[in-house]
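Structure file data_0.txt (compact mmCIF, C-alpha atoms) is printed below.
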```
# COMPACT_ATOMS: atom_id res chain seq x y z
CA MET A 1 -46.56 31.33 -19.28
CA ASP A 2 -48.17 28.49 -17.31
CA ALA A 3 -47.64 26.13 -20.24
CA LEU A 4 -43.99 27.15 -20.49
CA VAL A 5 -43.42 26.55 -16.76
CA HIS A 6 -45.20 23.23 -16.98
CA SER A 7 -43.13 22.04 -19.94
CA LEU A 8 -39.92 23.08 -18.11
CA GLN A 9 -41.07 21.12 -15.07
CA VAL A 10 -41.81 18.04 -17.17
CA TRP A 11 -38.56 18.35 -19.14
CA LEU A 12 -36.51 18.48 -15.91
CA LYS A 13 -37.84 15.03 -15.04
CA THR A 14 -36.35 13.61 -18.24
CA THR A 15 -32.80 14.77 -17.43
CA GLN A 16 -29.86 12.67 -16.31
CA LEU A 17 -29.68 14.87 -13.22
CA TYR A 18 -33.20 13.82 -12.23
CA TYR A 19 -32.16 10.20 -12.48
CA ILE A 20 -29.01 10.67 -10.38
CA MET A 21 -30.75 12.70 -7.65
CA ASN A 22 -33.41 10.02 -7.27
CA ASN A 23 -31.33 6.87 -7.68
CA VAL A 24 -27.92 7.57 -6.14
CA SER A 25 -28.25 7.26 -2.36
CA TRP A 26 -25.70 9.92 -1.43
CA ALA A 27 -26.57 12.44 -4.17
CA TRP A 28 -29.22 14.47 -2.32
CA ARG A 29 -27.39 14.62 1.01
CA THR A 30 -24.13 15.64 -0.68
CA SER A 31 -25.87 18.46 -2.56
CA GLU A 32 -27.55 19.58 0.68
CA SER A 33 -24.23 19.63 2.54
CA ILE A 34 -22.57 21.72 -0.17
CA HIS A 35 -25.61 24.02 -0.24
CA PHE A 36 -25.23 24.73 3.50
CA ILE A 37 -21.47 25.31 3.25
CA GLY A 38 -22.18 27.77 0.42
CA LEU A 39 -24.76 29.50 2.63
CA CYS A 40 -22.09 30.00 5.32
CA LEU A 41 -19.61 31.43 2.79
CA LEU A 42 -22.22 33.87 1.47
CA ILE A 43 -23.46 35.07 4.89
CA GLY A 44 -19.94 35.19 6.33
CA THR A 45 -18.64 37.52 3.60
CA VAL A 46 -21.53 39.31 1.85
CA GLY A 47 -23.58 39.33 5.07
CA LEU A 48 -20.59 40.64 7.03
CA PHE A 49 -20.08 43.39 4.43
CA ASP A 50 -23.79 44.28 4.76
CA LEU A 51 -23.40 44.49 8.55
CA ARG A 52 -20.49 46.91 8.01
CA MET A 53 -22.70 48.97 5.67
CA ILE A 54 -25.54 49.30 8.19
CA GLY A 55 -23.11 50.44 10.90
CA LEU A 56 -21.85 47.36 12.75
CA VAL A 57 -18.21 46.09 12.87
CA LYS A 58 -17.22 49.70 12.08
CA ARG A 59 -13.54 49.35 12.96
CA VAL A 60 -13.08 47.12 9.90
CA PRO A 61 -12.10 49.19 6.81
CA VAL A 62 -14.69 48.86 4.03
CA ALA A 63 -12.45 48.46 0.96
CA ALA A 64 -10.29 45.89 2.77
CA LEU A 65 -13.32 43.86 3.92
CA HIS A 66 -14.60 43.91 0.35
CA ARG A 67 -11.63 41.69 -0.64
CA LEU A 68 -13.46 38.74 0.99
CA ILE A 69 -16.41 39.06 -1.42
CA PRO A 70 -14.95 36.46 -3.89
CA PHE A 71 -15.59 33.81 -1.19
CA GLY A 72 -19.21 34.95 -1.15
CA ILE A 73 -19.37 34.63 -4.94
CA LEU A 74 -17.92 31.13 -4.61
CA GLY A 75 -20.65 30.29 -2.07
CA TYR A 76 -23.27 31.75 -4.41
CA VAL A 77 -22.06 29.66 -7.37
CA MET A 78 -21.96 26.51 -5.18
CA ASN A 79 -25.54 27.19 -4.13
CA VAL A 80 -26.88 27.92 -7.61
CA MET A 81 -25.32 24.68 -8.86
CA THR A 82 -26.55 22.50 -5.99
CA GLY A 83 -29.89 24.35 -6.14
CA ILE A 84 -30.26 23.25 -9.75
CA THR A 85 -29.72 19.62 -8.67
CA PHE A 86 -32.64 19.90 -6.20
CA LEU A 87 -34.81 21.59 -8.83
CA ALA A 88 -34.08 18.85 -11.36
CA GLY A 89 -34.49 16.13 -8.73
CA ALA A 90 -38.03 17.13 -7.70
CA SER A 91 -39.14 19.81 -10.15
CA ASP A 92 -42.86 19.65 -9.30
CA GLN A 93 -42.10 20.03 -5.58
CA TYR A 94 -40.18 23.26 -6.23
CA ILE A 95 -41.77 25.05 -9.18
CA TYR A 96 -45.29 24.97 -7.71
CA ASN A 97 -44.09 25.61 -4.15
CA PRO A 98 -44.94 29.15 -2.88
CA ALA A 99 -41.85 29.12 -0.63
CA PHE A 100 -39.65 28.41 -3.69
CA GLN A 101 -41.38 31.20 -5.64
CA MET A 102 -40.75 33.64 -2.78
CA LYS A 103 -37.15 32.45 -2.56
CA MET A 104 -36.62 33.29 -6.26
CA LEU A 105 -38.24 36.70 -5.67
CA PHE A 106 -35.83 37.42 -2.79
CA MET A 107 -32.87 36.28 -4.92
CA GLY A 108 -33.97 38.51 -7.79
CA THR A 109 -34.33 41.49 -5.44
CA ALA A 110 -30.88 40.79 -3.97
CA GLY A 111 -29.45 40.68 -7.51
CA LEU A 112 -31.08 43.98 -8.50
CA ASN A 113 -29.89 45.54 -5.24
CA VAL A 114 -26.31 44.45 -5.80
CA ALA A 115 -26.39 45.76 -9.41
CA VAL A 116 -27.61 49.19 -8.26
CA PHE A 117 -25.04 49.16 -5.44
CA TYR A 118 -22.07 48.61 -7.76
CA LEU A 119 -23.34 50.95 -10.48
CA ALA A 120 -24.26 53.87 -8.25
CA THR A 121 -22.86 53.54 -4.74
CA TYR A 122 -19.74 51.41 -4.27
CA GLY A 123 -17.30 54.02 -5.65
CA ARG A 124 -18.15 56.38 -2.80
CA VAL A 125 -18.35 53.64 -0.17
CA ALA A 126 -14.86 52.22 -0.71
CA ALA A 127 -13.31 55.40 0.66
CA THR A 128 -15.11 55.05 4.02
CA ALA A 129 -12.44 55.18 6.75
CA PRO A 130 -12.33 52.70 9.65
CA GLY A 131 -14.76 53.86 12.35
CA ASP A 132 -16.79 56.00 9.92
CA GLU A 133 -20.41 55.51 8.99
CA ALA A 134 -21.04 54.39 5.37
CA PRO A 135 -23.05 56.85 3.17
CA PHE A 136 -26.85 56.73 3.51
CA ARG A 137 -27.41 54.95 0.18
CA ALA A 138 -24.95 52.22 1.18
CA ARG A 139 -26.74 51.73 4.50
CA ILE A 140 -29.98 51.17 2.59
CA ALA A 141 -28.30 48.73 0.17
CA GLY A 142 -26.76 46.78 3.09
CA GLY A 143 -30.12 46.57 4.85
CA VAL A 144 -31.94 45.41 1.71
CA SER A 145 -29.24 42.79 1.04
CA LEU A 146 -29.42 41.41 4.59
CA LEU A 147 -33.23 41.22 4.50
CA CYS A 148 -33.11 39.46 1.12
CA TRP A 149 -30.59 36.80 2.20
CA VAL A 150 -32.37 36.12 5.49
CA GLY A 151 -35.55 35.85 3.39
CA VAL A 152 -33.84 33.41 1.04
CA ILE A 153 -32.76 31.22 3.99
CA PHE A 154 -36.24 31.32 5.57
CA CYS A 155 -37.93 30.41 2.28
CA GLY A 156 -35.40 27.64 1.72
CA ARG A 157 -36.26 26.09 5.06
CA PHE A 158 -40.00 26.69 4.55
CA LEU A 159 -39.96 24.68 1.27
CA THR A 160 -40.66 21.45 3.17
CA PHE A 161 -43.77 22.88 4.81
CA TYR A 162 -45.36 24.20 1.59
CA ARG A 163 -45.08 21.15 -0.63
CA PRO A 164 -47.60 21.16 -3.45
CA PRO A 165 -50.40 20.30 -3.67
CA TRP A 166 -51.08 20.27 0.08
CA HIS A 167 -50.86 23.98 0.79
CA TRP A 168 -52.63 27.27 0.51
CA CYS A 169 -51.35 30.70 -0.53
CA PRO A 170 -52.99 33.80 -2.06
CA TRP A 171 -51.71 33.06 -5.58
CA CYS A 172 -51.69 29.27 -5.61
CA MET B 1 -30.76 4.66 33.84
CA ASP B 2 -33.99 4.39 31.93
CA TRP B 3 -33.23 6.23 28.69
CA LYS B 4 -36.60 5.58 27.16
CA GLY B 5 -38.33 7.17 30.15
CA PHE B 6 -36.07 10.18 29.73
CA PHE B 7 -36.97 10.50 26.03
CA ILE B 8 -40.69 10.23 26.80
CA LEU B 9 -40.37 12.88 29.50
CA MET B 10 -38.75 15.32 27.04
CA GLU B 11 -41.13 14.52 24.19
CA GLU B 12 -44.20 15.05 26.35
CA GLY B 13 -42.91 18.28 27.87
CA GLY B 14 -44.91 21.39 26.94
CA ILE B 15 -42.14 23.13 24.99
CA GLY B 16 -41.07 20.12 22.91
CA LYS B 17 -44.68 19.25 22.17
CA TRP B 18 -45.45 22.78 21.03
CA VAL B 19 -42.40 23.01 18.75
CA ARG B 20 -43.18 19.62 17.18
CA GLU B 21 -46.97 19.69 16.95
CA SER B 22 -48.06 23.31 16.63
CA PRO B 23 -49.50 24.05 13.17
CA SER B 24 -48.09 27.60 13.48
CA MET B 25 -45.30 28.57 11.06
CA LEU B 26 -43.72 30.28 14.08
CA ALA B 27 -43.11 26.90 15.72
CA PHE B 28 -40.88 24.27 14.05
CA PRO B 29 -40.47 26.00 10.62
CA THR B 30 -39.34 29.37 12.03
CA ILE B 31 -37.09 27.79 14.65
CA ILE B 32 -35.29 25.65 12.07
CA ALA B 33 -35.01 28.67 9.73
CA LEU B 34 -33.44 30.74 12.54
CA HIS B 35 -31.04 27.85 13.16
CA ALA B 36 -29.83 28.17 9.53
CA VAL B 37 -29.46 31.98 9.83
CA GLY B 38 -27.44 31.58 13.03
CA MET B 39 -25.31 28.94 11.32
CA GLY B 40 -24.50 31.38 8.51
CA LEU B 41 -23.54 34.10 11.01
CA LEU B 42 -21.48 31.86 13.31
CA ALA B 43 -19.72 29.50 10.89
CA GLY B 44 -19.59 32.14 8.14
CA THR B 45 -18.01 34.86 10.29
CA ASN B 46 -15.54 32.31 11.67
CA ALA B 47 -14.64 31.40 8.08
CA ALA B 48 -14.11 35.10 7.24
CA MET B 49 -11.73 35.36 10.22
CA ASP B 50 -9.88 32.22 9.08
CA PHE B 51 -9.54 33.54 5.49
CA ARG B 52 -7.98 36.75 6.83
CA ILE B 53 -5.50 34.74 8.89
CA PHE B 54 -4.62 32.74 5.77
CA GLY B 55 -3.65 36.04 4.16
CA PHE B 56 -6.72 37.07 2.16
CA ALA B 57 -7.97 40.67 2.54
CA ARG B 58 -4.57 41.62 3.94
CA ARG B 59 -5.50 45.24 4.51
CA VAL B 60 -7.95 44.25 7.24
CA PRO B 61 -5.80 44.62 10.41
CA ILE B 62 -5.63 41.31 12.33
CA SER B 63 -6.52 43.23 15.49
CA ALA B 64 -9.77 44.45 13.86
CA LEU B 65 -10.96 40.82 13.70
CA GLU B 66 -11.89 41.22 17.37
CA ASN B 67 -14.84 43.24 16.02
CA LEU B 68 -16.29 40.09 14.47
CA VAL B 69 -16.71 38.47 17.89
CA PRO B 70 -20.10 40.08 18.69
CA VAL B 71 -21.44 38.77 15.34
CA MET B 72 -20.18 35.25 16.18
CA ARG B 73 -21.62 35.54 19.69
CA PHE B 74 -25.03 36.57 18.30
CA GLY B 75 -25.01 33.59 15.92
CA PHE B 76 -23.95 31.27 18.72
CA TRP B 77 -26.77 32.25 21.10
CA LEU B 78 -29.34 32.24 18.33
CA ASN B 79 -28.31 28.66 17.57
CA ALA B 80 -27.91 27.54 21.16
CA VAL B 81 -31.50 28.58 21.90
CA SER B 82 -33.02 27.33 18.61
CA GLY B 83 -30.92 24.15 18.88
CA VAL B 84 -32.21 23.34 22.38
CA LEU B 85 -35.79 23.90 21.16
CA LEU B 86 -35.20 21.54 18.21
CA LEU B 87 -33.63 18.97 20.55
CA LEU B 88 -36.63 19.15 22.90
CA SER B 89 -38.99 18.53 19.97
CA TYR B 90 -37.19 15.38 18.74
CA PRO B 91 -34.94 14.21 21.63
CA THR B 92 -34.88 10.54 20.65
CA LYS B 93 -34.01 11.33 17.04
CA ALA B 94 -30.94 13.35 18.03
CA LEU B 95 -29.73 11.54 21.13
CA THR B 96 -29.75 8.05 19.59
CA ASN B 97 -27.69 9.20 16.58
CA TRP B 98 -23.90 9.25 16.94
CA VAL B 99 -23.67 11.95 14.23
CA PHE B 100 -25.37 14.34 16.68
CA TYR B 101 -22.56 13.82 19.21
CA LEU B 102 -19.99 14.28 16.44
CA LYS B 103 -21.65 17.61 15.58
CA LEU B 104 -21.55 18.82 19.20
CA THR B 105 -17.92 17.70 19.58
CA LEU B 106 -16.90 19.56 16.41
CA ILE B 107 -18.66 22.73 17.60
CA ALA B 108 -16.91 22.48 21.00
CA LEU B 109 -13.53 22.02 19.29
CA ALA B 110 -14.21 24.93 16.91
CA MET B 111 -15.07 27.19 19.84
CA VAL B 112 -11.92 26.29 21.78
CA ASP B 113 -10.02 26.95 18.55
CA THR B 114 -11.63 30.40 18.13
CA TRP B 115 -10.76 31.17 21.75
CA LEU B 116 -7.12 30.23 21.05
CA ILE B 117 -7.06 32.37 17.88
CA ARG B 118 -8.40 35.36 19.81
CA ASN B 119 -6.01 34.95 22.72
CA GLN B 120 -2.86 34.04 20.87
CA VAL B 121 -3.23 35.71 17.49
CA ILE B 122 -5.78 38.54 17.36
CA GLN B 123 -5.30 40.11 20.78
CA LYS B 124 -1.49 39.88 20.52
CA SER B 125 -1.40 41.54 17.13
CA GLY B 126 -0.36 45.17 16.79
CA MET B 127 -2.27 47.68 14.65
CA ASP B 128 0.17 47.30 11.74
CA ASP B 129 0.89 43.56 11.81
CA ALA B 130 0.00 42.16 8.40
CA THR B 131 1.43 38.63 8.59
CA VAL B 132 0.83 35.82 11.05
CA SER B 133 2.74 32.78 12.33
CA ALA B 134 2.51 29.28 10.89
CA ARG B 135 0.85 28.27 14.16
CA ALA B 136 -1.94 30.80 13.54
CA ARG B 137 -2.50 29.34 10.08
CA ILE B 138 -2.83 25.85 11.55
CA LEU B 139 -5.42 27.12 14.06
CA ALA B 140 -7.33 28.78 11.20
CA ALA B 141 -7.23 25.59 9.10
CA LEU B 142 -8.55 23.58 12.07
CA SER B 143 -11.29 26.16 12.58
CA LEU B 144 -12.43 25.86 8.95
CA ALA B 145 -12.34 22.05 9.12
CA CYS B 146 -14.34 21.91 12.38
CA TRP B 147 -17.04 24.33 11.19
CA ALA B 148 -17.38 22.59 7.80
CA GLY B 149 -17.65 19.25 9.66
CA ALA B 150 -20.23 20.66 12.09
CA VAL B 151 -22.35 22.06 9.23
CA VAL B 152 -22.21 18.81 7.22
CA SER B 153 -22.92 16.58 10.22
CA GLY B 154 -25.84 18.85 11.16
CA ARG B 155 -27.22 18.48 7.65
CA LEU B 156 -26.74 14.70 7.73
CA LEU B 157 -28.83 14.37 10.91
CA ALA B 158 -31.87 14.34 8.62
CA TYR B 159 -30.51 11.25 6.83
CA THR B 160 -28.74 9.23 9.54
CA TYR B 161 -31.22 8.97 12.43
CA ILE B 162 -32.35 5.53 13.57
CA TYR B 163 -35.37 6.31 15.79
CA LEU B 164 -37.67 9.27 15.22
CA ASP B 165 -39.29 9.14 18.68
CA SER B 166 -39.54 7.08 21.86
CA SER B 167 -42.02 4.59 20.37
CA PHE B 168 -39.14 2.23 19.48
CA ASP B 169 -38.84 -1.14 21.19
CA VAL B 170 -35.80 -1.55 23.45
CA TYR B 171 -36.81 -4.58 25.46
```

Would you kindly transcribe this structure into structure tokens?
Amino acid sequence: MDALVHSLQVWLKTTQLYYIMNNVSWAWRTSESIHFIGLCLLIGTVGLFDLRMIGLVKRVPVAALHRLIPFGILGYVMNVMTGITFLAGASDQYIYNPAFQMKMLFMGTAGLNVAVFYLATYGRVAATAPGDEAPFRARIAGGVSLLCWVGVIFCGRFLTFYRPPWHWCPWC
Amino acid sequence: MDWKGFFILMEEGGIGKWVRESPSMLAFPTIIALHAVGMGLLAGTNAAMDFRIFGFARRVPISALENLVPVMRFGFWLNAVSGVLLLLSYPTKALTNWVFYLKLTLIALAMVDTWLIRNQVIQKSGMDDATVSARARILAALSLACWAGAVVSGRLLAYTYIYLDSSFDVY
């Protein structure tokens, strides 16, 4: 496993993307800017839907609010793509960074949560009338989603402060 | 006025010094992380409101958008407080960079715009109104442009500053 991760990290440094991110002056800042716009799209739609699930903004009808989710998916895709540019640009600074590893863990948990939500819960949630509380399972899913995305943002900002090899963590 | 003296005063103040120099993850790292969360809530919820005015998610009543205001307000105060703390930690860096003033101007414009949208569109909309005026769409487009500009200029502060602290030579 370690060898596989290491070879991925080394391979990333041979890519064209690595070259662009490190030699084109505006590349990194442009990716960062897009990454933050994507963050806003995701929190403003998926995060807002989560807030509705846990019992805030209750006057907004659930199924209608759900129609904004495609903007959240757009934000997610923007952030995965720009995220890959950072990863390729400084692979060693990300792959061995405990904040990055935690960020991936939060993203994975958010993904699992959203899969369970659509497979088992959404059908019953969509019928929730304006002003009504969402079913218990939906409240849990909304809470988990919010915690995961706030975790993703925190870990993203913590990346700078846990740069390898000048850090300590239980598994490093 | 002696600007350099003013920068030194802020940099040496207890709060700014703690935010900048404390080894605790609760100092600078947590404050800047909260600033990103607040950004998502404030700019993101504003964007959701703008998308609805453009005609997406039509079955959300325009009048129900008033319910998003507490979320925006929470994001705003989270960022006002965390932003002041970040400013106190690196006053010279921000105040000597014109991009910082651009960011503040864009936020001010976006907030006036949101106020106009609430007063002239959301609060005047009946329960069943599904469509909005061309004027409302222009306000929503301006809102999106201002927030996107504020987010990008905020991000660019890390790349465009000239002086990091008051140790620069002005004489």

Hey, which bits of chain B sit within 9 Å of chain A, and for each residue what's the closest pair of atoms and how far apart in Å (one decimal), counting only C-alpha atoms, rows by chain and increasing number, as JSON lines?
```
{"residue": "B:Met25", "atom": "CA", "partner": "A:Phe161", "partner_atom": "CA", "distance": 8.6}
{"residue": "B:Pro29", "atom": "CA", "partner": "A:Phe158", "partner_atom": "CA", "distance": 6.1}
{"residue": "B:Thr30", "atom": "CA", "partner": "A:Phe154", "partner_atom": "CA", "distance": 7.4}
{"residue": "B:Ile32", "atom": "CA", "partner": "A:Arg157", "partner_atom": "CA", "distance": 7.1}
{"residue": "B:Ala33", "atom": "CA", "partner": "A:Phe154", "partner_atom": "CA", "distance": 5.1}
{"residue": "B:Leu34", "atom": "CA", "partner": "A:Phe154", "partner_atom": "CA", "distance": 7.5}
{"residue": "B:Ala36", "atom": "CA", "partner": "A:Ile153", "partner_atom": "CA", "distance": 7.0}
{"residue": "B:Val37", "atom": "CA", "partner": "A:Val150", "partner_atom": "CA", "distance": 6.7}
{"residue": "B:Met39", "atom": "CA", "partner": "A:Cys40", "partner_atom": "CA", "distance": 6.9}
{"residue": "B:Gly40", "atom": "CA", "partner": "A:Cys40", "partner_atom": "CA", "distance": 4.2}
{"residue": "B:Leu41", "atom": "CA", "partner": "A:Gly44", "partner_atom": "CA", "distance": 6.0}
{"residue": "B:Leu42", "atom": "CA", "partner": "A:Gly44", "partner_atom": "CA", "distance": 7.9}
{"residue": "B:Ala43", "atom": "CA", "partner": "A:Cys40", "partner_atom": "CA", "distance": 6.1}
{"residue": "B:Gly44", "atom": "CA", "partner": "A:Gly44", "partner_atom": "CA", "distance": 3.6}
{"residue": "B:Thr45", "atom": "CA", "partner": "A:Gly44", "partner_atom": "CA", "distance": 4.4}
{"residue": "B:Asn46", "atom": "CA", "partner": "A:Gly44", "partner_atom": "CA", "distance": 7.5}
{"residue": "B:Ala47", "atom": "CA", "partner": "A:Gly44", "partner_atom": "CA", "distance": 6.7}
{"residue": "B:Ala48", "atom": "CA", "partner": "A:Gly44", "partner_atom": "CA", "distance": 5.9}
{"residue": "B:Phe51", "atom": "CA", "partner": "A:Leu68", "partner_atom": "CA", "distance": 7.9}
{"residue": "B:Arg52", "atom": "CA", "partner": "A:Leu68", "partner_atom": "CA", "distance": 8.3}
{"residue": "B:Phe56", "atom": "CA", "partner": "A:Leu68", "partner_atom": "CA", "distance": 7.0}
{"residue": "B:Ala57", "atom": "CA", "partner": "A:Arg67", "partner_atom": "CA", "distance": 5.0}
{"residue": "B:Arg58", "atom": "CA", "partner": "A:Ala64", "partner_atom": "CA", "distance": 7.2}
{"residue": "B:Arg59", "atom": "CA", "partner": "A:Ala64", "partner_atom": "CA", "distance": 5.1}
{"residue": "B:Val60", "atom": "CA", "partner": "A:Ala64", "partner_atom": "CA", "distance": 5.3}
{"residue": "B:Pro61", "atom": "CA", "partner": "A:Val60", "partner_atom": "CA", "distance": 7.7}
{"residue": "B:Ala64", "atom": "CA", "partner": "A:Val60", "partner_atom": "CA", "distance": 5.8}
{"residue": "B:Leu65", "atom": "CA", "partner": "A:Val60", "partner_atom": "CA", "distance": 7.7}
{"residue": "B:Asn67", "atom": "CA", "partner": "A:Val57", "partner_atom": "CA", "distance": 5.4}
{"residue": "B:Leu68", "atom": "CA", "partner": "A:Val57", "partner_atom": "CA", "distance": 6.5}
{"residue": "B:Pro70", "atom": "CA", "partner": "A:Val57", "partner_atom": "CA", "distance": 8.6}
{"residue": "B:Val71", "atom": "CA", "partner": "A:Val57", "partner_atom": "CA", "distance": 8.4}
{"residue": "B:Ala148", "atom": "CA", "partner": "A:Ile37", "partner_atom": "CA", "distance": 6.7}
{"residue": "B:Val151", "atom": "CA", "partner": "A:Ile37", "partner_atom": "CA", "distance": 6.9}
{"residue": "B:Val152", "atom": "CA", "partner": "A:Ser33", "partner_atom": "CA", "distance": 5.2}
{"residue": "B:Ser153", "atom": "CA", "partner": "A:Ser33", "partner_atom": "CA", "distance": 8.4}
{"residue": "B:Gly154", "atom": "CA", "partner": "A:Ser33", "partner_atom": "CA", "distance": 8.8}
{"residue": "B:Arg155", "atom": "CA", "partner": "A:Ser33", "partner_atom": "CA", "distance": 6.0}
{"residue": "B:Leu156", "atom": "CA", "partner": "A:Arg29", "partner_atom": "CA", "distance": 6.8}
{"residue": "B:Ala158", "atom": "CA", "partner": "A:Arg29", "partner_atom": "CA", "distance": 8.8}
{"residue": "B:Tyr159", "atom": "CA", "partner": "A:Arg29", "partner_atom": "CA", "distance": 7.4}
```

Exercise for the section: List every protein, DNA or RNA residue with an atom no more than 7 Å from (-28.3, 43.8, 5.6) in the file's coordinates, counting all atoms listed in the file, and format the result as a VMD selection string. Expected result: chain A and resid 47 50 to 51 54 142 to 147

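One distance worth recording is that between CA of Lys93 (chain B) and CA of Leu164 (chain B), which is 4.6 Å.
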
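In this model, the gap between CA of Lys103 (chain B) and CA of Ala150 (chain B) comes to 4.8 Å.
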
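Between Cys172 (chain A) and the candidates A:Ala88, A:Ala27, A:Leu12, A:Ala99, the tightest atom-to-atom separation, counting all atoms listed in the file, involves A:Ala99.
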
Practice task
Please identify all polymer residues within 8 Å of Ala134 (chain A), counting all atoms listed in the file, omitting same-chain residues fewer than 2 positions from it, and present them as a count of residues only.
Solution key: 10

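A straight line drawn from CA of Ser167 (chain B) to CA of Leu26 (chain B) is 26.5 Å long.
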
Fill in the blank from the handout: Among B:Trp77, B:Trp147, B:Phe54, B:Tyr90, Leu109 (chain B) is approached most closely, using all atoms listed in the file, by B:Trp147

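Within the 10 Å cut-off around Phe6 (chain B), using all atoms listed in the file and omitting residues fewer than 6 positions from it on the same chain, the listed residues are B:Pro91, B:Thr92, B:Ser166.
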
Practice task
Excluding region 116-124 of chain A and residues on its chain fewer than 6 positions from it, collect all residues at most 8 Å away from it, counting all atoms listed in the file, and give them as a list of chain:residue names.
Solution key: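 Skipping anything fewer than 6 positions along the chain leaves A:Pro135, A:Arg137, A:Ala138, A:Ala141.
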
Practice task
Pick out the residues sitting within 12 Å of Leu4 (chain A), and hand them over as a list in words; count all atoms listed in the file, and ignore anything fewer than 6 positions along from it in its own chain.
Solution key: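 Here the answer would be Val10, Trp11 and Ile95 of chain A.
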
Filtering to C-alpha atoms, could you give me those residues as an mmCIF file, keeping the file's coordinate frame?
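In the end it all went to again21.cif:
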```
data_model
loop_
_atom_site.group_PDB
_atom_site.id
_atom_site.type_symbol
_atom_site.label_atom_id
_atom_site.label_comp_id
_atom_site.auth_asym_id
_atom_site.auth_seq_id
_atom_site.Cartn_x
_atom_site.Cartn_y
_atom_site.Cartn_z
ATOM 1 C CA VAL A 10 -41.810 18.040 -17.170
ATOM 2 C CA TRP A 11 -38.560 18.350 -19.140
ATOM 3 C CA ILE A 95 -41.770 25.050 -9.180
#
```

Problem - Nearest candidate to Ala140 (chain B) (options B:Tyr101, B:Trp18, B:Phe28, B:Trp115; using only C-alpha atoms) - result: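 Comparing B:Tyr101, B:Trp18, B:Phe28, B:Trp115 against Ala140 (chain B), the winner is B:Trp115.
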
Handout entry: Selection: 7 Å around Leu88 (chain B), only C-alpha atoms, excl. self and same-chain fewer than 2 positions, as an NGL selection string
Key = :B and (10-11 or 16 or 84-86 or 90-91)

Around all of region 147-161 of chain A's listed atoms, make the axis-aligned box with 6 Å on each side and tell me centre and edge lengths in Å to one decimal, as lines of an AutoDock Vina configuration file.
```
center_x = -37.2
center_y = 31.3
center_z = 3.3
size_x = 25.2
size_y = 31.8
size_z = 16.5
```
